[in-house]
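**Q** Compact mmCIF, N, CA and C atoms, saved as query_39.txt, coming up:
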```txt
# COMPACT_ATOMS: atom_id res chain seq x y z
N MET A 1 -1.42 -6.06 -4.52
CA MET A 1 -2.18 -6.61 -5.62
C MET A 1 -1.50 -7.87 -6.17
N ASP A 2 -0.20 -7.97 -6.01
CA ASP A 2 0.58 -9.05 -6.61
C ASP A 2 0.15 -10.41 -6.06
N ALA A 3 -0.21 -11.32 -6.95
CA ALA A 3 -0.67 -12.65 -6.55
C ALA A 3 0.44 -13.53 -5.98
N ARG A 4 1.70 -13.10 -6.12
CA ARG A 4 2.80 -13.88 -5.56
C ARG A 4 2.92 -13.72 -4.05
N LEU A 5 2.20 -12.78 -3.48
CA LEU A 5 2.31 -12.49 -2.06
C LEU A 5 0.97 -12.75 -1.37
N ASP A 6 0.97 -13.67 -0.41
CA ASP A 6 -0.21 -13.94 0.41
C ASP A 6 0.04 -13.28 1.76
N PRO A 7 -0.58 -12.12 2.02
CA PRO A 7 -0.19 -11.31 3.18
C PRO A 7 -0.45 -11.94 4.54
N LEU A 8 -1.49 -12.73 4.70
CA LEU A 8 -1.79 -13.27 6.02
C LEU A 8 -0.67 -14.17 6.56
N PRO A 9 -0.24 -15.20 5.83
CA PRO A 9 0.85 -16.01 6.39
C PRO A 9 2.17 -15.24 6.51
N VAL A 10 2.41 -14.30 5.61
CA VAL A 10 3.63 -13.49 5.69
C VAL A 10 3.66 -12.72 7.02
N LEU A 11 2.50 -12.26 7.47
CA LEU A 11 2.41 -11.50 8.71
C LEU A 11 2.09 -12.38 9.92
N GLY A 12 1.96 -13.68 9.71
CA GLY A 12 1.67 -14.57 10.82
C GLY A 12 0.24 -14.47 11.30
N LEU A 13 -0.68 -14.13 10.40
CA LEU A 13 -2.09 -13.96 10.74
C LEU A 13 -2.95 -15.03 10.09
N GLU A 14 -4.17 -15.15 10.58
CA GLU A 14 -5.13 -16.07 10.00
C GLU A 14 -6.34 -15.30 9.50
N VAL A 15 -7.16 -15.95 8.69
CA VAL A 15 -8.36 -15.33 8.16
C VAL A 15 -9.20 -14.80 9.32
N GLY A 16 -9.65 -13.57 9.18
CA GLY A 16 -10.48 -12.95 10.20
C GLY A 16 -9.70 -12.09 11.18
N GLN A 17 -8.39 -12.12 11.12
CA GLN A 17 -7.59 -11.34 12.07
C GLN A 17 -7.16 -9.98 11.53
N ALA A 18 -7.39 -9.71 10.26
CA ALA A 18 -6.94 -8.44 9.69
C ALA A 18 -7.80 -8.05 8.50
N HIS A 19 -7.92 -6.75 8.32
CA HIS A 19 -8.51 -6.23 7.09
C HIS A 19 -7.36 -6.05 6.12
N VAL A 20 -7.48 -6.58 4.92
CA VAL A 20 -6.41 -6.50 3.94
C VAL A 20 -6.89 -5.65 2.77
N LEU A 21 -6.17 -4.56 2.53
CA LEU A 21 -6.46 -3.68 1.40
C LEU A 21 -5.31 -3.85 0.42
N ARG A 22 -5.64 -4.14 -0.83
CA ARG A 22 -4.59 -4.37 -1.84
C ARG A 22 -4.86 -3.49 -3.04
N ASN A 23 -3.78 -2.92 -3.57
CA ASN A 23 -3.88 -2.19 -4.83
C ASN A 23 -2.52 -2.17 -5.51
N ALA A 24 -2.50 -1.75 -6.75
CA ALA A 24 -1.25 -1.72 -7.52
C ALA A 24 -0.25 -0.77 -6.88
N GLY A 25 0.91 -1.29 -6.54
CA GLY A 25 1.98 -0.49 -5.98
C GLY A 25 1.81 -0.12 -4.52
N GLY A 26 0.74 -0.59 -3.88
CA GLY A 26 0.51 -0.23 -2.48
C GLY A 26 0.33 1.26 -2.29
N VAL A 27 -0.23 1.92 -3.29
CA VAL A 27 -0.37 3.37 -3.27
C VAL A 27 -1.40 3.80 -2.23
N ILE A 28 -1.04 4.80 -1.43
CA ILE A 28 -1.96 5.34 -0.43
C ILE A 28 -2.85 6.36 -1.13
N THR A 29 -3.99 5.90 -1.59
CA THR A 29 -4.95 6.72 -2.31
C THR A 29 -6.01 7.24 -1.34
N PRO A 30 -6.83 8.20 -1.76
CA PRO A 30 -7.94 8.62 -0.90
C PRO A 30 -8.86 7.44 -0.51
N ASP A 31 -9.04 6.49 -1.42
CA ASP A 31 -9.89 5.35 -1.09
C ASP A 31 -9.25 4.46 -0.02
N VAL A 32 -7.93 4.32 -0.05
CA VAL A 32 -7.24 3.54 0.99
C VAL A 32 -7.41 4.23 2.33
N LEU A 33 -7.24 5.54 2.38
CA LEU A 33 -7.42 6.27 3.64
C LEU A 33 -8.87 6.18 4.13
N ARG A 34 -9.81 6.24 3.21
CA ARG A 34 -11.23 6.08 3.57
C ARG A 34 -11.45 4.72 4.20
N SER A 35 -10.92 3.68 3.56
CA SER A 35 -11.10 2.32 4.07
C SER A 35 -10.42 2.13 5.42
N LEU A 36 -9.24 2.71 5.60
CA LEU A 36 -8.56 2.62 6.89
C LEU A 36 -9.34 3.34 7.98
N ALA A 37 -9.89 4.51 7.65
CA ALA A 37 -10.69 5.25 8.63
C ALA A 37 -11.93 4.45 9.03
N LEU A 38 -12.58 3.82 8.08
CA LEU A 38 -13.74 2.98 8.40
C LEU A 38 -13.33 1.78 9.24
N SER A 39 -12.22 1.16 8.89
CA SER A 39 -11.73 0.00 9.62
C SER A 39 -11.48 0.36 11.08
N GLN A 40 -10.87 1.51 11.31
CA GLN A 40 -10.56 1.90 12.68
C GLN A 40 -11.80 2.41 13.42
N ARG A 41 -12.54 3.31 12.82
CA ARG A 41 -13.63 3.95 13.53
C ARG A 41 -14.88 3.08 13.66
N ALA A 42 -15.18 2.31 12.64
CA ALA A 42 -16.40 1.49 12.68
C ALA A 42 -16.15 0.07 13.18
N LEU A 43 -14.93 -0.42 12.99
CA LEU A 43 -14.68 -1.83 13.30
C LEU A 43 -13.60 -2.04 14.36
N GLY A 44 -13.01 -0.95 14.83
CA GLY A 44 -12.13 -1.03 15.98
C GLY A 44 -10.70 -1.48 15.75
N THR A 45 -10.23 -1.52 14.51
CA THR A 45 -8.83 -1.91 14.30
C THR A 45 -7.93 -0.80 14.83
N ARG A 46 -6.74 -1.17 15.24
CA ARG A 46 -5.82 -0.21 15.83
C ARG A 46 -4.44 -0.21 15.18
N GLU A 47 -4.05 -1.26 14.51
CA GLU A 47 -2.72 -1.35 13.92
C GLU A 47 -2.82 -1.39 12.40
N ILE A 48 -1.81 -0.83 11.76
CA ILE A 48 -1.74 -0.82 10.29
C ILE A 48 -0.36 -1.31 9.90
N ALA A 49 -0.31 -2.27 9.00
CA ALA A 49 0.95 -2.75 8.43
C ALA A 49 0.91 -2.51 6.93
N LEU A 50 1.86 -1.72 6.45
CA LEU A 50 1.99 -1.48 5.02
C LEU A 50 3.05 -2.44 4.50
N VAL A 51 2.68 -3.23 3.49
CA VAL A 51 3.61 -4.21 2.95
C VAL A 51 3.76 -4.00 1.45
N HIS A 52 4.95 -3.64 1.05
CA HIS A 52 5.30 -3.59 -0.37
C HIS A 52 6.22 -4.78 -0.62
N HIS A 53 6.67 -4.96 -1.85
CA HIS A 53 7.52 -6.12 -2.12
C HIS A 53 8.55 -5.81 -3.19
N THR A 54 9.57 -6.62 -3.22
CA THR A 54 10.59 -6.50 -4.26
C THR A 54 10.02 -7.00 -5.58
N ASP A 55 10.70 -6.68 -6.67
CA ASP A 55 10.29 -7.12 -8.01
C ASP A 55 8.86 -6.70 -8.34
N CYS A 56 8.52 -5.48 -7.95
CA CYS A 56 7.17 -4.96 -8.17
C CYS A 56 7.07 -4.37 -9.58
N GLY A 57 5.96 -4.61 -10.23
CA GLY A 57 5.72 -4.09 -11.56
C GLY A 57 5.60 -2.57 -11.61
N MET A 58 5.41 -1.94 -10.45
CA MET A 58 5.31 -0.49 -10.40
C MET A 58 6.68 0.19 -10.31
N ALA A 59 7.72 -0.60 -10.11
CA ALA A 59 9.07 -0.05 -10.06
C ALA A 59 9.41 0.51 -11.45
N GLY A 60 9.65 1.79 -11.52
CA GLY A 60 9.98 2.44 -12.78
C GLY A 60 8.79 2.66 -13.70
N PHE A 61 7.58 2.46 -13.20
CA PHE A 61 6.38 2.61 -14.02
C PHE A 61 6.22 4.06 -14.47
N ASP A 62 5.85 4.26 -15.73
CA ASP A 62 5.69 5.60 -16.30
C ASP A 62 4.21 5.99 -16.27
N ASP A 63 3.83 6.69 -15.21
CA ASP A 63 2.45 7.10 -15.02
C ASP A 63 1.94 7.98 -16.16
N ALA A 64 2.74 8.96 -16.55
CA ALA A 64 2.29 9.90 -17.59
C ALA A 64 2.02 9.17 -18.91
N ALA A 65 2.90 8.25 -19.28
CA ALA A 65 2.70 7.50 -20.53
C ALA A 65 1.47 6.60 -20.44
N PHE A 66 1.28 5.97 -19.29
CA PHE A 66 0.11 5.09 -19.12
C PHE A 66 -1.18 5.88 -19.20
N ARG A 67 -1.24 7.02 -18.52
CA ARG A 67 -2.45 7.84 -18.55
C ARG A 67 -2.70 8.40 -19.95
N ALA A 68 -1.64 8.77 -20.66
CA ALA A 68 -1.79 9.26 -22.04
C ALA A 68 -2.32 8.16 -22.94
N GLU A 69 -1.80 6.96 -22.76
CA GLU A 69 -2.28 5.83 -23.56
C GLU A 69 -3.77 5.57 -23.32
N LEU A 70 -4.17 5.59 -22.07
CA LEU A 70 -5.59 5.38 -21.74
C LEU A 70 -6.46 6.49 -22.35
N ALA A 71 -6.00 7.73 -22.26
CA ALA A 71 -6.75 8.85 -22.81
C ALA A 71 -6.84 8.75 -24.33
N ASP A 72 -5.74 8.40 -24.98
CA ASP A 72 -5.74 8.27 -26.44
C ASP A 72 -6.69 7.17 -26.90
N GLU A 73 -6.67 6.05 -26.19
CA GLU A 73 -7.49 4.91 -26.60
C GLU A 73 -8.97 5.09 -26.29
N SER A 74 -9.26 5.78 -25.19
CA SER A 74 -10.66 5.84 -24.74
C SER A 74 -11.30 7.20 -24.97
N GLY A 75 -10.49 8.25 -25.13
CA GLY A 75 -11.03 9.59 -25.24
C GLY A 75 -11.34 10.21 -23.89
N ALA A 76 -11.06 9.51 -22.81
CA ALA A 76 -11.31 10.02 -21.46
C ALA A 76 -10.01 9.95 -20.65
N THR A 77 -9.67 11.08 -20.06
CA THR A 77 -8.45 11.13 -19.23
C THR A 77 -8.78 10.66 -17.82
N PRO A 78 -8.02 9.71 -17.30
CA PRO A 78 -8.27 9.24 -15.94
C PRO A 78 -8.13 10.38 -14.93
N ASP A 79 -8.96 10.37 -13.90
CA ASP A 79 -8.84 11.37 -12.85
C ASP A 79 -8.01 10.85 -11.68
N TRP A 80 -7.26 9.79 -11.91
CA TRP A 80 -6.37 9.19 -10.92
C TRP A 80 -5.01 8.99 -11.55
N ASP A 81 -4.02 8.79 -10.70
CA ASP A 81 -2.68 8.54 -11.23
C ASP A 81 -2.19 7.18 -10.75
N VAL A 82 -1.12 6.74 -11.35
CA VAL A 82 -0.52 5.45 -11.05
C VAL A 82 0.98 5.69 -10.87
N PRO A 83 1.35 6.26 -9.72
CA PRO A 83 2.75 6.61 -9.56
C PRO A 83 3.65 5.39 -9.42
N GLY A 84 4.73 5.41 -10.14
CA GLY A 84 5.73 4.37 -10.00
C GLY A 84 6.75 4.80 -8.96
N PHE A 85 7.75 3.99 -8.75
CA PHE A 85 8.80 4.31 -7.79
C PHE A 85 10.06 3.56 -8.18
N ALA A 86 11.19 4.00 -7.64
CA ALA A 86 12.46 3.35 -7.93
C ALA A 86 12.86 2.37 -6.83
N ASP A 87 12.55 2.72 -5.58
CA ASP A 87 13.01 1.95 -4.43
C ASP A 87 11.83 1.60 -3.54
N PRO A 88 11.52 0.31 -3.36
CA PRO A 88 10.36 -0.05 -2.54
C PRO A 88 10.50 0.40 -1.08
N TYR A 89 11.72 0.46 -0.56
CA TYR A 89 11.92 0.90 0.82
C TYR A 89 11.58 2.38 0.98
N GLU A 90 12.01 3.18 0.02
CA GLU A 90 11.69 4.61 0.06
C GLU A 90 10.19 4.82 -0.15
N ASP A 91 9.58 4.02 -1.00
CA ASP A 91 8.15 4.13 -1.23
C ASP A 91 7.36 3.78 0.03
N VAL A 92 7.81 2.79 0.78
CA VAL A 92 7.16 2.47 2.05
C VAL A 92 7.29 3.66 3.01
N ARG A 93 8.45 4.29 3.06
CA ARG A 93 8.61 5.46 3.93
C ARG A 93 7.63 6.57 3.57
N ARG A 94 7.45 6.82 2.27
CA ARG A 94 6.48 7.84 1.83
C ARG A 94 5.07 7.42 2.23
N SER A 95 4.78 6.14 2.07
CA SER A 95 3.45 5.64 2.42
C SER A 95 3.20 5.77 3.92
N LEU A 96 4.22 5.45 4.73
CA LEU A 96 4.09 5.59 6.18
C LEU A 96 3.77 7.04 6.55
N ASP A 97 4.47 7.99 5.93
CA ASP A 97 4.21 9.40 6.19
C ASP A 97 2.77 9.78 5.84
N SER A 98 2.28 9.27 4.72
CA SER A 98 0.90 9.58 4.30
C SER A 98 -0.12 9.05 5.29
N VAL A 99 0.07 7.81 5.73
CA VAL A 99 -0.89 7.22 6.66
C VAL A 99 -0.79 7.89 8.02
N ARG A 100 0.41 8.08 8.51
CA ARG A 100 0.59 8.71 9.83
C ARG A 100 0.09 10.15 9.85
N GLY A 101 0.04 10.79 8.69
CA GLY A 101 -0.45 12.16 8.61
C GLY A 101 -1.94 12.28 8.38
N CYS A 102 -2.64 11.18 8.28
CA CYS A 102 -4.08 11.23 7.99
C CYS A 102 -4.86 11.59 9.26
N PRO A 103 -5.55 12.72 9.27
CA PRO A 103 -6.25 13.16 10.48
C PRO A 103 -7.48 12.33 10.84
N TRP A 104 -7.95 11.50 9.93
CA TRP A 104 -9.18 10.74 10.20
C TRP A 104 -8.91 9.41 10.90
N LEU A 105 -7.64 9.03 11.01
CA LEU A 105 -7.32 7.77 11.67
C LEU A 105 -7.19 7.99 13.17
N THR A 106 -7.73 7.07 13.94
CA THR A 106 -7.70 7.19 15.40
C THR A 106 -6.41 6.63 15.98
N SER A 107 -5.77 5.71 15.29
CA SER A 107 -4.54 5.08 15.79
C SER A 107 -3.44 5.22 14.75
N ARG A 108 -2.69 6.30 14.86
CA ARG A 108 -1.62 6.55 13.90
C ARG A 108 -0.25 6.19 14.45
N ASP A 109 -0.19 5.81 15.72
CA ASP A 109 1.09 5.45 16.33
C ASP A 109 1.49 4.01 16.02
N SER A 110 0.52 3.18 15.69
CA SER A 110 0.79 1.76 15.42
C SER A 110 0.75 1.49 13.93
N VAL A 111 1.54 2.25 13.18
CA VAL A 111 1.64 2.08 11.74
C VAL A 111 3.07 1.64 11.44
N ARG A 112 3.19 0.46 10.85
CA ARG A 112 4.52 -0.07 10.55
C ARG A 112 4.59 -0.42 9.07
N GLY A 113 5.79 -0.37 8.53
CA GLY A 113 5.98 -0.65 7.12
C GLY A 113 7.00 -1.74 6.89
N TYR A 114 6.79 -2.49 5.82
CA TYR A 114 7.65 -3.62 5.50
C TYR A 114 7.85 -3.72 4.00
N VAL A 115 8.96 -4.35 3.62
CA VAL A 115 9.18 -4.78 2.24
C VAL A 115 9.38 -6.28 2.30
N TYR A 116 8.58 -6.99 1.53
CA TYR A 116 8.70 -8.45 1.45
C TYR A 116 9.63 -8.78 0.30
N ASP A 117 10.70 -9.48 0.61
CA ASP A 117 11.67 -9.90 -0.40
C ASP A 117 11.18 -11.21 -1.00
N LEU A 118 10.67 -11.15 -2.21
CA LEU A 118 10.09 -12.32 -2.87
C LEU A 118 11.11 -13.44 -3.06
N ALA A 119 12.34 -13.10 -3.41
CA ALA A 119 13.35 -14.12 -3.67
C ALA A 119 13.73 -14.88 -2.42
N ARG A 120 13.80 -14.19 -1.30
CA ARG A 120 14.21 -14.83 -0.06
C ARG A 120 13.05 -15.28 0.83
N GLY A 121 11.85 -14.76 0.53
CA GLY A 121 10.71 -15.06 1.39
C GLY A 121 10.84 -14.40 2.75
N ALA A 122 11.46 -13.21 2.78
CA ALA A 122 11.73 -12.54 4.05
C ALA A 122 11.01 -11.20 4.12
N LEU A 123 10.48 -10.90 5.28
CA LEU A 123 9.80 -9.65 5.54
C LEU A 123 10.78 -8.72 6.27
N ASN A 124 11.07 -7.57 5.67
CA ASN A 124 12.02 -6.62 6.24
C ASN A 124 11.29 -5.37 6.70
N GLU A 125 11.41 -5.05 7.99
CA GLU A 125 10.75 -3.84 8.50
C GLU A 125 11.50 -2.61 8.03
N VAL A 126 10.74 -1.56 7.70
CA VAL A 126 11.29 -0.29 7.24
C VAL A 126 11.09 0.71 8.35
N SER A 127 12.18 1.39 8.72
CA SER A 127 12.06 2.39 9.79
C SER A 127 11.89 3.77 9.20
```
In structure tokens, how does this file's structure come out?
**A**
Amino acid sequence: MDARLDPLPVLGLEVGQAHVLRNAGGVITPDVLRSLALSQRALGTREIALVHHTDCGMAGFDDAAFRAELADESGATPDWDVPGFADPYEDVRRSLDSVRGCPWLTSRDSVRGYVYDLARGALNEVS
């Protein structure tokens, strides 16, 4: 979601070469899995690259406080969460596990994860 990161040039791709899904914190939500399943099954994509970045606003984010604030202000409790994380590398590993474990994806072997270092402009692969 971060506007400081333009994923296509970071990955060496051009417009039309990839489906790009963006959300706060790169969270693997049911909607992300739905979109990935459609991308693979209906449009034939085979590879998935998960890219998180350093200096993310979700680092240390307090989901419970945010949801409580929204509920207090609106009177409606969100039916979704906004999990924060401490380490973007560990968060990518969790995300990789979620995507690789999704039974609806046809190509789960070509899932790779990265952390983009904003200060250095470097893409670091996460194993």
**Q** What gap, in Å, lies between atom C of A:Ser98 and atom N of A:Val15?
**A** 26.2 Å
**Q** As a PyMOL selection string, please: every residue in chain A that DSSP puts in helix (DSSP H, G or I).
**A** chain A and resi 7-11+24-26+30-43+63-74+88-100
**Q** Calculated over only C-alpha atoms, which of the candidates A:Leu13, A:Asp55, A:Arg46, A:Trp104 has the smallest distance to A:Ala86?
**A**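 Checking each of A:Leu13, A:Asp55, A:Arg46, A:Trp104 against A:Ala86, counting only C-alpha atoms, the winner is A:Asp55.
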**Q** So what do you get for atom N of A:Thr106 versus atom N of A:Val32, distance-wise?
**A**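 Going from atom N of A:Thr106 over to atom N of A:Val32 covers 14.3 Å.
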**Q** Name all residues at most 6.5 Å from stretch 114-116 of chain A (count all atoms listed in the file; drop same-chain ones fewer than 2 positions away) and give them as an mmCIF file with N, CA and C atoms, in the frame of the given file.
**A**
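Written output follows (selection_1.cif):
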```cif
data_model
loop_
_atom_site.group_PDB
_atom_site.id
_atom_site.type_symbol
_atom_site.label_atom_id
_atom_site.label_comp_id
_atom_site.auth_asym_id
_atom_site.auth_seq_id
_atom_site.Cartn_x
_atom_site.Cartn_y
_atom_site.Cartn_z
ATOM 1 N N ALA A 49 -0.310 -2.270 9.000
ATOM 2 C CA ALA A 49 0.950 -2.750 8.430
ATOM 3 C C ALA A 49 0.910 -2.510 6.930
ATOM 4 N N LEU A 50 1.860 -1.720 6.450
ATOM 5 C CA LEU A 50 1.990 -1.480 5.020
ATOM 6 C C LEU A 50 3.050 -2.440 4.500
ATOM 7 N N VAL A 51 2.680 -3.230 3.490
ATOM 8 C CA VAL A 51 3.610 -4.210 2.950
ATOM 9 C C VAL A 51 3.760 -4.000 1.450
ATOM 10 N N HIS A 52 4.950 -3.640 1.050
ATOM 11 C CA HIS A 52 5.300 -3.590 -0.370
ATOM 12 C C HIS A 52 6.220 -4.780 -0.620
ATOM 13 N N HIS A 53 6.670 -4.960 -1.850
ATOM 14 C CA HIS A 53 7.520 -6.120 -2.120
ATOM 15 C C HIS A 53 8.550 -5.810 -3.190
ATOM 16 N N THR A 54 9.570 -6.620 -3.220
ATOM 17 C CA THR A 54 10.590 -6.500 -4.260
ATOM 18 C C THR A 54 10.020 -7.000 -5.580
ATOM 19 N N PRO A 88 11.520 0.310 -3.360
ATOM 20 C CA PRO A 88 10.360 -0.050 -2.540
ATOM 21 C C PRO A 88 10.500 0.400 -1.080
ATOM 22 N N TYR A 89 11.720 0.460 -0.560
ATOM 23 C CA TYR A 89 11.920 0.900 0.820
ATOM 24 C C TYR A 89 11.580 2.380 0.980
ATOM 25 N N VAL A 92 7.810 2.790 0.780
ATOM 26 C CA VAL A 92 7.160 2.470 2.050
ATOM 27 C C VAL A 92 7.290 3.660 3.010
ATOM 28 N N ARG A 112 3.190 0.460 10.850
ATOM 29 C CA ARG A 112 4.520 -0.070 10.550
ATOM 30 C C ARG A 112 4.590 -0.420 9.070
ATOM 31 N N LEU A 118 10.670 -11.150 -2.210
ATOM 32 C CA LEU A 118 10.090 -12.320 -2.870
ATOM 33 C C LEU A 118 11.110 -13.440 -3.060
ATOM 34 N N ALA A 119 12.340 -13.100 -3.410
ATOM 35 C CA ALA A 119 13.350 -14.120 -3.670
ATOM 36 C C ALA A 119 13.730 -14.880 -2.420
ATOM 37 N N GLY A 121 11.850 -14.760 0.530
ATOM 38 C CA GLY A 121 10.710 -15.060 1.390
ATOM 39 C C GLY A 121 10.840 -14.400 2.750
ATOM 40 N N ALA A 122 11.460 -13.210 2.780
ATOM 41 C CA ALA A 122 11.730 -12.540 4.050
ATOM 42 C C ALA A 122 11.010 -11.200 4.120
ATOM 43 N N LEU A 123 10.480 -10.900 5.280
ATOM 44 C CA LEU A 123 9.800 -9.650 5.540
ATOM 45 C C LEU A 123 10.780 -8.720 6.270
ATOM 46 N N ASN A 124 11.070 -7.570 5.670
ATOM 47 C CA ASN A 124 12.020 -6.620 6.240
ATOM 48 C C ASN A 124 11.290 -5.370 6.700
ATOM 49 N N GLU A 125 11.410 -5.050 7.990
ATOM 50 C CA GLU A 125 10.750 -3.840 8.500
ATOM 51 C C GLU A 125 11.500 -2.610 8.030
ATOM 52 N N VAL A 126 10.740 -1.560 7.700
ATOM 53 C CA VAL A 126 11.290 -0.290 7.240
ATOM 54 C C VAL A 126 11.090 0.710 8.350
#
```
**Q** Considering only C-alpha atoms, state which residue in the set A:Pro78, A:Gly113, A:Pro9, A:Gly60 is at the smallest distance from A:Glu47.
**A**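 With only C-alpha atoms as the atom set, the closest residue is A:Gly113.
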**Q** Could you pull the residues within 6.5 Å of A:Met58, counting all atoms listed in the file, minus those fewer than 6 positions along the same chain, as a list of chain:residue names?
**A**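 Contacts, in chain order: A:Gly25, A:Pro83, A:Gly84, A:Phe85, A:Ala86.
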**Q** Of the residues A:Arg100, A:Ser107, A:Gly57, A:Asp81, which is the one nearest to A:Gln40, using only C-alpha atoms?
**A**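 Among the listed residues, A:Ser107 lies closest to A:Gln40.
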**Q** Pick out each residue of stretch 11-56 of chain A that DSSP on the backbone tags as strand (DSSP E); I need them as number ranges by chain.
**A** A: 48-53
**Q** If I take atom C of A:Val82 and atom N of A:Glu69, how far is one from the other in Å, to one decimal?
**A**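 Straight-line distance from atom C of A:Val82 to atom N of A:Glu69 works out to 12.3 Å.
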**Q** When distances are computed from all atoms listed in the file, which of A:Val10, A:Leu38, A:Ala68, A:Met1 shows the smallest separation from A:Arg22?
**A**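 So, comparing all the options, the nearest one is A:Met1.
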**Q** Would you fill out stretch 11-27 of chain A with N, CA, C and O atoms and return it as a PDB file, in the coordinates of the input?
**A**
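Result went into rebuild-v1.pdb, see below:
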```
ATOM      1  N   LEU A  11       2.500 -12.260   7.470  1.00  0.00           N
ATOM      2  CA  LEU A  11       2.410 -11.500   8.710  1.00  0.00           C
ATOM      3  C   LEU A  11       2.090 -12.380   9.920  1.00  0.00           C
ATOM      4  O   LEU A  11       1.931 -11.864  11.026  1.00  0.00           O
ATOM      5  N   GLY A  12       1.960 -13.680   9.710  1.00  0.00           N
ATOM      6  CA  GLY A  12       1.670 -14.570  10.820  1.00  0.00           C
ATOM      7  C   GLY A  12       0.240 -14.470  11.300  1.00  0.00           C
ATOM      8  O   GLY A  12      -0.052 -14.714  12.472  1.00  0.00           O
ATOM      9  N   LEU A  13      -0.680 -14.130  10.400  1.00  0.00           N
ATOM     10  CA  LEU A  13      -2.090 -13.960  10.740  1.00  0.00           C
ATOM     11  C   LEU A  13      -2.950 -15.030  10.090  1.00  0.00           C
ATOM     12  O   LEU A  13      -2.519 -15.685   9.142  1.00  0.00           O
ATOM     13  N   GLU A  14      -4.170 -15.150  10.580  1.00  0.00           N
ATOM     14  CA  GLU A  14      -5.130 -16.070  10.000  1.00  0.00           C
ATOM     15  C   GLU A  14      -6.340 -15.300   9.500  1.00  0.00           C
ATOM     16  O   GLU A  14      -6.551 -14.139   9.870  1.00  0.00           O
ATOM     17  N   VAL A  15      -7.160 -15.950   8.690  1.00  0.00           N
ATOM     18  CA  VAL A  15      -8.360 -15.330   8.160  1.00  0.00           C
ATOM     19  C   VAL A  15      -9.200 -14.800   9.320  1.00  0.00           C
ATOM     20  O   VAL A  15      -9.386 -15.489  10.326  1.00  0.00           O
ATOM     21  N   GLY A  16      -9.650 -13.570   9.180  1.00  0.00           N
ATOM     22  CA  GLY A  16     -10.480 -12.950  10.200  1.00  0.00           C
ATOM     23  C   GLY A  16      -9.700 -12.090  11.180  1.00  0.00           C
ATOM     24  O   GLY A  16     -10.304 -11.388  11.990  1.00  0.00           O
ATOM     25  N   GLN A  17      -8.390 -12.120  11.120  1.00  0.00           N
ATOM     26  CA  GLN A  17      -7.590 -11.340  12.070  1.00  0.00           C
ATOM     27  C   GLN A  17      -7.160  -9.980  11.530  1.00  0.00           C
ATOM     28  O   GLN A  17      -6.603  -9.197  12.297  1.00  0.00           O
ATOM     29  N   ALA A  18      -7.390  -9.710  10.260  1.00  0.00           N
ATOM     30  CA  ALA A  18      -6.940  -8.440   9.690  1.00  0.00           C
ATOM     31  C   ALA A  18      -7.800  -8.050   8.500  1.00  0.00           C
ATOM     32  O   ALA A  18      -8.333  -8.903   7.801  1.00  0.00           O
ATOM     33  N   HIS A  19      -7.920  -6.750   8.320  1.00  0.00           N
ATOM     34  CA  HIS A  19      -8.510  -6.230   7.090  1.00  0.00           C
ATOM     35  C   HIS A  19      -7.360  -6.050   6.120  1.00  0.00           C
ATOM     36  O   HIS A  19      -6.355  -5.419   6.463  1.00  0.00           O
ATOM     37  N   VAL A  20      -7.480  -6.580   4.920  1.00  0.00           N
ATOM     38  CA  VAL A  20      -6.410  -6.500   3.940  1.00  0.00           C
ATOM     39  C   VAL A  20      -6.890  -5.650   2.770  1.00  0.00           C
ATOM     40  O   VAL A  20      -7.879  -5.972   2.125  1.00  0.00           O
ATOM     41  N   LEU A  21      -6.170  -4.560   2.530  1.00  0.00           N
ATOM     42  CA  LEU A  21      -6.460  -3.680   1.400  1.00  0.00           C
ATOM     43  C   LEU A  21      -5.310  -3.850   0.420  1.00  0.00           C
ATOM     44  O   LEU A  21      -4.149  -3.717   0.787  1.00  0.00           O
ATOM     45  N   ARG A  22      -5.640  -4.140  -0.830  1.00  0.00           N
ATOM     46  CA  ARG A  22      -4.590  -4.370  -1.840  1.00  0.00           C
ATOM     47  C   ARG A  22      -4.860  -3.490  -3.040  1.00  0.00           C
ATOM     48  O   ARG A  22      -5.999  -3.354  -3.485  1.00  0.00           O
ATOM     49  N   ASN A  23      -3.780  -2.920  -3.570  1.00  0.00           N
ATOM     50  CA  ASN A  23      -3.880  -2.190  -4.830  1.00  0.00           C
ATOM     51  C   ASN A  23      -2.520  -2.170  -5.510  1.00  0.00           C
ATOM     52  O   ASN A  23      -1.510  -2.544  -4.915  1.00  0.00           O
ATOM     53  N   ALA A  24      -2.500  -1.750  -6.750  1.00  0.00           N
ATOM     54  CA  ALA A  24      -1.250  -1.720  -7.520  1.00  0.00           C
ATOM     55  C   ALA A  24      -0.250  -0.770  -6.880  1.00  0.00           C
ATOM     56  O   ALA A  24      -0.543   0.399  -6.655  1.00  0.00           O
ATOM     57  N   GLY A  25       0.910  -1.290  -6.540  1.00  0.00           N
ATOM     58  CA  GLY A  25       1.980  -0.490  -5.980  1.00  0.00           C
ATOM     59  C   GLY A  25       1.810  -0.120  -4.520  1.00  0.00           C
ATOM     60  O   GLY A  25       2.629   0.596  -3.964  1.00  0.00           O
ATOM     61  N   GLY A  26       0.740  -0.590  -3.880  1.00  0.00           N
ATOM     62  CA  GLY A  26       0.510  -0.230  -2.480  1.00  0.00           C
ATOM     63  C   GLY A  26       0.330   1.260  -2.290  1.00  0.00           C
ATOM     64  O   GLY A  26       0.684   1.813  -1.254  1.00  0.00           O
ATOM     65  N   VAL A  27      -0.230   1.920  -3.290  1.00  0.00           N
ATOM     66  CA  VAL A  27      -0.370   3.370  -3.270  1.00  0.00           C
ATOM     67  C   VAL A  27      -1.400   3.800  -2.230  1.00  0.00           C
ATOM     68  O   VAL A  27      -2.486   3.237  -2.148  1.00  0.00           O
TER      69      VAL A  27
END
```
